[in-house]
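First the structure, in the form of structure tokens, and then the observations on it.
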Protein chains: 2
Amino acid sequence: MLYNEIESCNCSIIHEDIIEKVRESMPPEESLYDLAELFKVFGDSTRIRILHALSASEMCVCDIAALLGMTQSAISHQLRVLKHARLVKYRKEGKVIYYSLADDHVNQIFAQGLEHVNE
Amino acid sequence: MLYNEIESCNCSIIHEDIIEKVRESMPPEESLYDLAELFKVFGDSTRIRILHALSASEMCVCDIAALLGMTQSAISHQLRVLKHARLVKYRKEGKVIYYSLADDHVNQIFAQGLEHVNE
DNA sequence: TTAATACATGAACAATCGTTCATATGTTCA
DNA sequence: TGAACATATGAACGATTGTTCATGTATTAA
């Protein structure tokens, strides 16, 4: 099993003990994949701006489009991504659909990120 | 000024008061862009796995490649991205370069993200 | 029922991204 | 000095992504 890795990384293993220790500490592949998928959603400035806007107030699609100076279609596509990641929720009122943040995790992840960016 | 946005979003503004209120609460465009760039770095499962490995122990490039079953080149390219985002630091010891997490923000952002993923 | 409007969505395109491959740099050791 | 090895990097490729455009659905109001 270890031999496969030696072949694929094209170099001899220097610290076998460390690799084994770290390997045991790694969460299941799937968790890390899900985590990457979550951050991928945060990794677009349009979505970041939508999320930040929604942290200030619930808004309908048209309002967000007007605020960000983008088309309704572009916003709608992005809201779909945010909805799928369970970062926003919505309520319907006639023709109008009001979006808001799904929970407080968004604000907390924002805060941590901004702390790093502002060093 | 408001007219441009009406044109670009292709819909009449429904809640002008909310838009104005939210607009005032928005951080500078550049901050949100930087924030998106940061999360973009977290948004790849290879980089997530590297970061998680480094949160357990400092490691050299070959070790990481062996651990993840990937080529040394692929890891090196990704470490470059992580270095540029100031998420990892390194120390040199002869031929070998040991990488480690730059600060504790990584762990905190990880924790917030995992909390959301695990609902 | 019809017109108007808020929102969703599929196809298509350009742009960005992650990996591979080949090769270069820099250090150690004989 | 030269061979071995750890790491870095540029070019190129396929894959993914964000937006636009055109169109579809659903609701309201006349």
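Letters A, B, ... mark the chains of the structure tokens in the order given; residue numbers begin at 1 per chain; ligand numbers begin at 1, in order shown.
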Could you go through range 23-91 of chain A and tell me which residues DSSP, when run on the backbone, assigns to strand (DSSP E or B), listing them as a PyMOL selection string?
chain A and resi 59-60+88-91
Residues from last step as file, N, CA, C and O atoms, as a PDB file, in the first residue's frame:
ATOM      1  N   MET A  59     -33.342  40.389   1.413  1.00  0.00           N
ATOM      2  CA  MET A  59     -33.541  41.129   0.169  1.00  0.00           C
ATOM      3  C   MET A  59     -34.156  40.225  -0.891  1.00  0.00           C
ATOM      4  O   MET A  59     -33.964  39.010  -0.873  1.00  0.00           O
ATOM      5  N   CYS A  60     -34.857  40.846  -1.845  1.00  0.00           N
ATOM      6  CA  CYS A  60     -35.365  40.084  -2.973  1.00  0.00           C
ATOM      7  C   CYS A  60     -34.308  40.105  -4.091  1.00  0.00           C
ATOM      8  O   CYS A  60     -33.341  40.851  -4.031  1.00  0.00           O
ATOM      9  N   VAL A  88     -28.097  30.215   2.386  1.00  0.00           N
ATOM     10  CA  VAL A  88     -29.217  31.151   2.416  1.00  0.00           C
ATOM     11  C   VAL A  88     -30.536  30.378   2.472  1.00  0.00           C
ATOM     12  O   VAL A  88     -30.615  29.234   2.069  1.00  0.00           O
ATOM     13  N   LYS A  89     -31.536  31.051   3.011  1.00  0.00           N
ATOM     14  CA  LYS A  89     -32.893  30.505   2.982  1.00  0.00           C
ATOM     15  C   LYS A  89     -33.781  31.569   2.357  1.00  0.00           C
ATOM     16  O   LYS A  89     -33.320  32.684   2.086  1.00  0.00           O
ATOM     17  N   TYR A  90     -35.048  31.245   2.098  1.00  0.00           N
ATOM     18  CA  TYR A  90     -35.910  32.225   1.456  1.00  0.00           C
ATOM     19  C   TYR A  90     -37.353  32.033   1.895  1.00  0.00           C
ATOM     20  O   TYR A  90     -37.750  30.972   2.361  1.00  0.00           O
ATOM     21  N   ARG A  91     -38.114  33.120   1.731  1.00  0.00           N
ATOM     22  CA  ARG A  91     -39.552  33.036   1.969  1.00  0.00           C
ATOM     23  C   ARG A  91     -40.242  33.724   0.800  1.00  0.00           C
ATOM     24  O   ARG A  91     -39.715  34.658   0.197  1.00  0.00           O
TER      25      ARG A  91
END
Write out as a tab-separated table a residue-level contact list of chain A versus chain C with cut-off 12 Å: for each qualifying residue the closest pair of atoms and the distance in Å to one decimal, counting only C-alpha atoms (C1' of nucleotides), rows sorted by chain and residue number upward.
residue	atom	partner	partner_atom	distance
A:Asp44	CA	C:DT16	C1'	11.9
A:Cys60	CA	C:DA6	C1'	9.0
A:Val61	CA	C:DC7	C1'	7.5
A:Cys62	CA	C:DA6	C1'	7.7
A:Asp63	CA	C:DA6	C1'	10.9
A:Ala65	CA	C:DC7	C1'	11.9
A:Thr71	CA	C:DC7	C1'	11.9
A:Gln72	CA	C:DC7	C1'	8.2
A:Ser73	CA	C:DA8	C1'	8.2
A:Ala74	CA	C:DA8	C1'	10.8
A:Ile75	CA	C:DC7	C1'	10.2
A:Ser76	CA	C:DA8	C1'	7.1
A:His77	CA	C:DA8	C1'	8.1
A:Gln78	CA	C:DA8	C1'	11.3
A:Leu79	CA	C:DA8	C1'	10.4
A:Arg80	CA	C:DA8	C1'	9.1
A:Lys92	CA	C:DA6	C1'	10.9
A:Glu93	CA	C:DA6	C1'	10.7
A:Gly94	CA	C:DA6	C1'	9.2
A:Lys95	CA	C:DA6	C1'	5.5
A:Val96	CA	C:DA6	C1'	5.8
A:Ile97	CA	C:DC7	C1'	7.8
A:Tyr98	CA	C:DA6	C1'	10.9
When the cut-off is 8 Å and we count only C-alpha atoms (C1' of nucleotides), which residues of chain D are near chain B, given as a PyMOL selection string?
chain D and resi 6-8
Can those selected residues be exported to a file as a PDB file, in the first residue's frame so that it contains N, CA, C and O atoms (P, O5', C5', C4', C3', O3' and C1' of nucleotides)?
ATOM      1  P    DA D   6      15.139  12.950  -1.837  1.00  0.00           P
ATOM      2  O5'  DA D   6      14.581  14.364  -1.379  1.00  0.00           O
ATOM      3  C5'  DA D   6      15.376  15.218  -0.561  1.00  0.00           C
ATOM      4  C4'  DA D   6      14.963  16.656  -0.800  1.00  0.00           C
ATOM      5  C3'  DA D   6      13.466  16.875  -0.986  1.00  0.00           C
ATOM      6  O3'  DA D   6      13.036  17.938  -0.161  1.00  0.00           O
ATOM      7  C1'  DA D   6      14.649  17.790  -2.817  1.00  0.00           C
ATOM      8  P    DT D   7      11.497  18.347  -0.130  1.00  0.00           P
ATOM      9  O5'  DT D   7      11.451  19.495  -1.235  1.00  0.00           O
ATOM     10  C5'  DT D   7      12.270  20.651  -1.075  1.00  0.00           C
ATOM     11  C4'  DT D   7      12.232  21.489  -2.326  1.00  0.00           C
ATOM     12  C3'  DT D   7      10.848  21.964  -2.761  1.00  0.00           C
ATOM     13  O3'  DT D   7      10.760  23.350  -2.521  1.00  0.00           O
ATOM     14  C1'  DT D   7      12.213  21.332  -4.599  1.00  0.00           C
ATOM     15  P    DA D   8       9.530  24.207  -3.015  1.00  0.00           P
ATOM     16  O5'  DA D   8       9.953  24.714  -4.466  1.00  0.00           O
ATOM     17  C5'  DA D   8      11.186  25.395  -4.630  1.00  0.00           C
ATOM     18  C4'  DA D   8      11.285  25.969  -6.037  1.00  0.00           C
ATOM     19  C3'  DA D   8      10.032  26.691  -6.540  1.00  0.00           C
ATOM     20  O3'  DA D   8      10.451  27.858  -7.215  1.00  0.00           O
ATOM     21  C1'  DA D   8      10.586  24.923  -8.028  1.00  0.00           C
TER      22       DA D   8
END
Chain B contacts on chain A, only C-alpha atoms, 8 Å, as a PyMOL selection string:
chain A and resi 4-6+8-16+18-19+22-23+25-26+31-45+48-49+52-53+56-57+59+62-72+105+108-109+112-117
Suppose you want the space between CA of Tyr99 in chain B and CA of Ile50 in chain B; what is it in Å?
9.9 Å
Sel. of helix (DSSP H, G or I) residues, range 14-119 of chain A, as a ChimeraX atom specification
/A:16-25,29-42,45-56,61-68,72-84,105-117
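Here CA of His84 in chain A stands at a distance of 25.4 Å from CA of Leu51 in chain B.
What separates CA of Val81 in chain A from C1' of DT19 in chain D is a distance of 14.1 Å.
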